[in-house]
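Enquirer: A single structure is presented below for examination.
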Amino acid sequence: MKIATWNVNSLNARLEILLEFIEKRKPDIIALQETKVEDDKFPLHAFNEVGYKCLFKGQKAYNGVAIISKMDWDKYEKNFEDIEGEQKRIIMAEINGIKIINAYFPHGKMVDSSYFQFKLDFIKKLKEYISKLKNVILLGDFNVAPEEMDVYNPDILQYSIGFSVDERNALNELYSIGFVDVFRLHNKNKGEYTWWDYRSNSFKRNAGMRIDHIWAFKNIASKSILCYIDKEIRAKPKTSDHAPVVAEFDL
DNA sequence: ATGGTGGTAAGACCA
């Protein structure tokens with residue numbers, strides 16, 4: 001089973017590149033974040049035509065998540081209001097006994113803002129929710145880089161959003177309920193990022209952060225074969241500021 | 001890099 005995650009930064013703006021990505025990688029499941037499209041405007045046909053079903057939950061202009069899958073789901077869950085509030089950030093599909101949780105964690109803006117506390121609360125509530133579950137793959141844009149090797153300059157970024165101590169501690173508590181970082185399991189190199197700011201020529205300088213993740217519970221991660229970041233997609237013109245992450249499992 | 005770029009939607013707001 002091949003599963004991918006990509007923060008598209010607008011599904012409509014990225015539809016063409018996403019379809020190229022699907023053609024190239026042929027993933028069984030794709031988790032999308034920041035679709036920025038309301039449900040009645042979701043481009044369902046584009047995916048149905050190439051053999052995928054869609055589960056989605058969006059809103060105008062901001063947020064929005066979707067699961068695009070070759071296989072049908074046995075169950076799904078869209079109601080995560082206790083964790084996300086009014087923002088459309090979490091969606092779950094249960095496929096072949098595995099709970100695929102696609103999450104777009106809050107950005108947090110600045111470490112001293114009210115948005116930051118919302119981010120910490122979100123991570124804590126998500127942990128409480130998932131800790132009651134079995135057979136989980138959690139993937140998406142977590143908006144946190146876990147380790148020093150996951151950012152281009154840990155000294156500069158240690159007080160910045162996405163790498164501050166409080167965020168990394170919250171993320172580590174979520175991780176500690178039984179997850180394995182599937183990318184890190186298969187790749188120990190530093191300088192491997194999933195997001196580069198559009199500004200300041202960041203991609204060319206590789207001034208990025210690894211904030212998009214595929215995490216699996218240990219029993220599932222033990223069946224993972226490989227995991228990689230598709231930088232070719234980030235290198236394209238008019239692309240997202242995030243690169244897709246792809247993992248393959250022998251399930 | 002107290003700048004910079006991009007998406008949405010039509011002037012800010014979010015990232």
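Residues are named by chain letter and number: chains run A, B, ... in the order of the structure tokens, numbers start at 1 in each chain, and ligands are numbered from 1 in the order shown.
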Using only C-alpha atoms (C1' of nucleotides), I'd like a table of the residues in stretch 124-229 of chain A that come within 8 Å of chain B; for each, show the closest atom pair and its distance in Å rounded to one decimal, ordered by chain and ascending number, as CSV.
Expert:
residue,atom,partner,partner_atom,distance
A:Asp197,CA,B:DT5,C1',7.9
A:Tyr198,CA,B:DT5,C1',4.9
A:Arg199,CA,B:DT5,C1',4.7
A:Ser200,CA,B:DG4,C1',5.4
Enquirer: Taking only C-alpha atoms (C1' of nucleotides) into account, find every residue of chain A that has an atom no more than 10 Å from chain B, and write it out as a compact mmCIF listing (two decimals) with C-alpha atoms, in the first residue's frame.
Expert:
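Written output follows (out27.txt):
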# COMPACT_ATOMS: atom_id res chain seq x y z
CA ASN A 9 -2.16 25.22 -0.58
CA SER A 10 -5.43 25.39 -2.55
CA ALA A 13 -4.76 26.04 -7.82
CA LYS A 36 -9.44 25.78 0.58
CA LYS A 60 -13.90 28.80 1.85
CA ALA A 61 -10.40 30.35 1.65
CA TYR A 62 -8.79 28.53 4.60
CA ASN A 63 -8.02 25.03 5.87
CA HIS A 107 0.11 27.07 12.25
CA GLY A 108 0.15 29.08 15.47
CA LYS A 109 1.32 32.39 14.00
CA ASP A 197 8.92 29.43 2.34
CA TYR A 198 7.92 30.94 -1.01
CA ARG A 199 9.99 33.94 -0.02
CA SER A 200 13.74 34.57 0.08
CA ASN A 201 14.61 31.90 -2.49
CA LYS A 238 3.25 27.52 -9.53
CA THR A 239 3.43 24.70 -6.97
CA SER A 240 2.64 24.47 -3.28
CA ASP A 241 5.15 25.63 -0.68
Enquirer: Which residues are close to A:Thr35, i.e. within 6 Å by only C-alpha atoms (C1' of nucleotides), leaving aside same-chain residues fewer than 4 positions away? Reply as a ChimeraX atom specification.
Expert: /A:10-11,64-65
Enquirer: Give me, please, the distance in Å between atom CA of A:Phe142 and atom CA of A:Pro106, quoted to one decimal.
Expert: 7.7 Å
Enquirer: Quick one: DSSP alpha helix (DSSP H) residues in stretch 28-251 of chain A, as a ChimeraX atom specification?
Expert: /A:44-48,81-84,114-130,154-157,165-175,182-186,202-205,218-221,231-235
Enquirer: Write down as a list in words the residues of stretch 65-176 of chain A whose backbone DSSP state falls under strand (DSSP E).
Expert: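 Selecting the strand (DSSP E) positions of stretch 65-176 of chain A gives Val65, Ala66, Ile67, Ile68, Ser69, Lys75, Tyr76, Glu77, Ile90, Ile91, Met92, Ala93, Glu94, Ile95, Ile98, Lys99, Ile100, Ile101, Asn102, Ala103, Tyr104, Val136, Ile137, Leu138, Leu139, Gly140 and Asp141 of chain A.
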Enquirer: If we count only C-alpha atoms (C1' of nucleotides) and set the cut-off at 10 Å, which residues sit around A:Tyr76, ignoring sequence neighbours fewer than 6 positions away in its own chain? Please answer as a list in words.
Expert: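 What passes the distance filter is Leu55, Ile91, Met92, Ala93, Glu94, Ile95, Lys99, Ile100 and Ile101 of chain A.
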Enquirer: Quick one: residues within 7 Å of stretch 208-222 of chain A, only C-alpha atoms (C1' of nucleotides) counted, chain neighbours fewer than 5 positions away excluded, as a tab-separated table (two decimals) with C-alpha atoms, in the first residue's frame?
Expert:
chain	number	residue	atom	x	y	z
A	135	ASN	CA	-4.04	0.60	14.04
A	136	VAL	CA	-3.52	4.27	13.32
A	137	ILE	CA	-1.65	6.08	10.59
A	138	LEU	CA	-1.57	9.80	11.36
A	139	LEU	CA	-0.36	11.96	8.50
A	140	GLY	CA	-0.54	15.50	7.26
A	141	ASP	CA	0.87	18.93	7.87
A	142	PHE	CA	1.77	18.95	11.57
A	143	ASN	CA	3.34	22.43	11.37
A	144	VAL	CA	6.06	21.30	13.77
A	145	ALA	CA	9.59	20.09	13.04
A	150	ASP	CA	14.60	18.74	10.74
A	151	VAL	CA	15.26	22.48	10.31
A	152	TYR	CA	17.79	24.44	8.28
A	178	GLY	CA	3.04	4.64	20.26
A	179	PHE	CA	3.94	6.26	16.95
A	180	VAL	CA	6.91	5.76	14.68
A	181	ASP	CA	8.01	8.55	12.33
A	182	VAL	CA	8.01	6.49	9.14
A	183	PHE	CA	10.22	8.92	7.22
A	192	GLU	CA	15.53	16.61	4.42
A	193	TYR	CA	12.59	19.04	4.45
A	194	THR	CA	8.96	19.13	3.33
A	195	TRP	CA	8.30	22.87	3.44
A	196	TRP	CA	10.19	25.87	2.09
A	202	SER	CA	14.20	29.34	0.31
A	203	PHE	CA	13.82	26.26	-1.87
Enquirer: Rank A:Pro244, A:Gly85, A:Gly97, A:Pro154 by their smallest atom-to-atom distance to A:Asn7, using only C-alpha atoms, and report the top residue only.
Expert: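 Among A:Pro244, A:Gly85, A:Gly97, A:Pro154, it is A:Pro244 that comes nearest to A:Asn7.
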Enquirer: Considering only C-alpha atoms, state which residue in the set A:Leu133, A:Ile225, A:Ile67, A:Ala170 is at the smallest distance from A:Ile98.
Expert: A:Leu133
Enquirer: In Å, with one decimal, what is the gap from atom CA of A:Cys54 to atom CA of A:Asp28?
Expert: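 Here the two named atoms are 11.9 Å from each other.
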Enquirer: Env of A:Ser164: 10 Å cut, atoms = only C-alpha atoms (C1' of nucleotides), seq-sep filter 2 positions within chain, self excluded. Answer as number ranges by chain.
Expert: A: 110-111, 144-146, 154, 157-162, 166-169
Enquirer: Can those selected residues be exported to a file as a PDB file, in the first residue's frame so that it contains C-alpha atoms?
Expert:
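Contents of selection_27.pdb, freshly written:
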ATOM      1  CA  MET A 110       3.615  33.571  16.817  1.00  0.00           C
ATOM      2  CA  VAL A 111       4.626  31.823  20.025  1.00  0.00           C
ATOM      3  CA  VAL A 144       6.061  21.297  13.773  1.00  0.00           C
ATOM      4  CA  ALA A 145       9.586  20.085  13.042  1.00  0.00           C
ATOM      5  CA  PRO A 146      10.439  17.440  15.666  1.00  0.00           C
ATOM      6  CA  PRO A 154      18.045  25.274  14.742  1.00  0.00           C
ATOM      7  CA  LEU A 157      14.600  28.957  14.760  1.00  0.00           C
ATOM      8  CA  GLN A 158      14.567  27.814  18.389  1.00  0.00           C
ATOM      9  CA  TYR A 159      12.107  30.555  19.394  1.00  0.00           C
ATOM     10  CA  SER A 160      10.195  30.545  16.118  1.00  0.00           C
ATOM     11  CA  ILE A 161       6.854  29.051  15.207  1.00  0.00           C
ATOM     12  CA  GLY A 162       7.164  25.446  14.099  1.00  0.00           C
ATOM     13  CA  ASP A 166       6.570  24.079  23.683  1.00  0.00           C
ATOM     14  CA  GLU A 167       5.448  22.835  20.270  1.00  0.00           C
ATOM     15  CA  ARG A 168       8.097  20.145  20.086  1.00  0.00           C
ATOM     16  CA  ASN A 169       7.218  18.954  23.592  1.00  0.00           C
TER      17      ASN A 169
END
